[in-house]
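Take a look at the structure set out below.
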Amino acid sequence: MISISMRRQLRFSKCCWVFIIPAMLANAGLARAQTTTVEDQLHLTAADLEGFEKQAKDDVKDFGGHVEHIASKTYSIFLRKKYIGNALALFADPDENTIEVSVVGNTADVRSESIRAYLNNLLKLSYARVDITWYDFKITHFVKGADGNYYATATVFQKFSATNGNTEVKQSRRDLVKKEIQVELIKQEAYNGAQRFARWEIKLGDIKIVQKTLSL
């Protein structure tokens, strides 16, 4: 016969296994999750890419809005510099990323300068009034590059208008430019303590002039 103490011991042992087995299974599942977390997070579905395309379009619109505010003489220098900071944050490398700019009234004179230099130069425009408007935003689908990142191209029209002189004698300059903006969806890997995680980040790249129409 089994004594009362032995019965209690057997019941205790069974209880221990009931708790140990689920714990072992949970730990095994956690280990599998940890080994696939980064890869799962880096995998993008068609729905994911569509969401990033909408976000990228919004970022391009934001940059256009920042340009409009930076160029406008109706805002204080302090506020316009705040907009410069917000605009720079949208780019992968504002010192390396370039933008093509042109002389108003001249379709042939096009030069490149860094995004940072371009935004700072907007503060120094000598016109009495400057109005820049970005509109008709479009973006292509993201395509995966050889480096594992995704790339798209945004197009936008920029209307530039500037005025000099007093109310009696005014000199106005206007032009219309179509621009292409490279958009990058960049994979980022980081650590939170010992845990590695991944995420995607949208950044703007180089900006080129693809068409210019004079309207003087």
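Residue numbering restarts at 1 in every chain; chains get A, B, ... in the order shown in the structure tokens, and ligands count up from 1 in that same order.
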
Problem set entry | Shell around region 90-96 of chain A at 8 Å using only C-alpha atoms, local window under 5 positions removed, as a PyMOL selection string | chain A and resi 59+63+114-117+202-205

Problem set entry | Which residue of A:Ile77, A:Ala190, A:Val101, A:Val143 approaches Lys124 (chain A) most closely, using only C-alpha atoms | A:Ile77

Problem set entry | Among the residues A:Gln195, A:Ser102, A:Ser76, A:Thr155, the one that comes closest to Val60 (chain A) [using only C-alpha atoms] | A:Thr155

Exercise. If you measure from CA of Thr213 (chain A) to CA of Asp131 (chain A), what distance in Å do you get, rounded to one decimal?
Worked result: 16.7 Å

Exercise. Counting only C-alpha atoms, what is within 6 Å of Phe160 (chain A), bar same-chain residues fewer than 6 positions away, as a ChimeraX atom specification?
Worked result: /A:131-132,174-175

For this session: For Gly51 (chain A), list every protein, DNA or RNA residue within 12 Å, evaluated using only C-alpha atoms, and leave out those in the same chain fewer than 6 positions away; present the list as a list in words.
Result: Leu44, Thr45, Lys57, Asp58, His141, Phe142, Leu185, Trp200 and Ile202 of chain A

Residues of the last selection are to be written out with C-alpha atoms, as a JSON list (two decimals), in the first residue's frame.
```
[["chain", "number", "residue", "atom", "x", "y", "z"],
["A", 44, "LEU", "CA", 6.71, 44.10, -46.23],
["A", 45, "THR", "CA", 3.38, 43.15, -47.74],
["A", 57, "LYS", "CA", 3.44, 61.53, -50.27],
["A", 58, "ASP", "CA", 2.58, 63.30, -47.02],
["A", 141, "HIS", "CA", 5.13, 52.47, -56.23],
["A", 142, "PHE", "CA", 8.10, 51.47, -54.08],
["A", 185, "LEU", "CA", 12.32, 53.46, -47.55],
["A", 200, "TRP", "CA", 11.44, 51.04, -41.71],
["A", 202, "ILE", "CA", 11.02, 57.07, -45.00]]
```

Exercise. In Å, with one decimal, what is the gap from CA of Asp48 (chain A) to CA of Ile139 (chain A)?
Worked result: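 Interatomic distance, CA of Asp48 (chain A) to CA of Ile139 (chain A): 15.4 Å.
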
Problem set entry | Residue nearest Asn86 (chain A) among A:Ala194, A:Leu176, A:Ala146, A:Leu119 (counting only C-alpha atoms) | A:Leu119

Problem set entry | Computed interatomic separation between CA of Ala71 (chain A) and CA of Ala154 (chain A) (Å) |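 The value is 21.6 Å.
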
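Shortest atom-to-atom contact with Asp62 (chain A) among A:Glu100, A:Asp147, A:Tyr135, A:Leu42: A:Tyr135, counting only C-alpha atoms.
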
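Nearest residue to Ile99 (chain A), choosing from A:Ile207, A:His69, A:Arg199, A:Tyr151 and counting only C-alpha atoms: A:Ile207.
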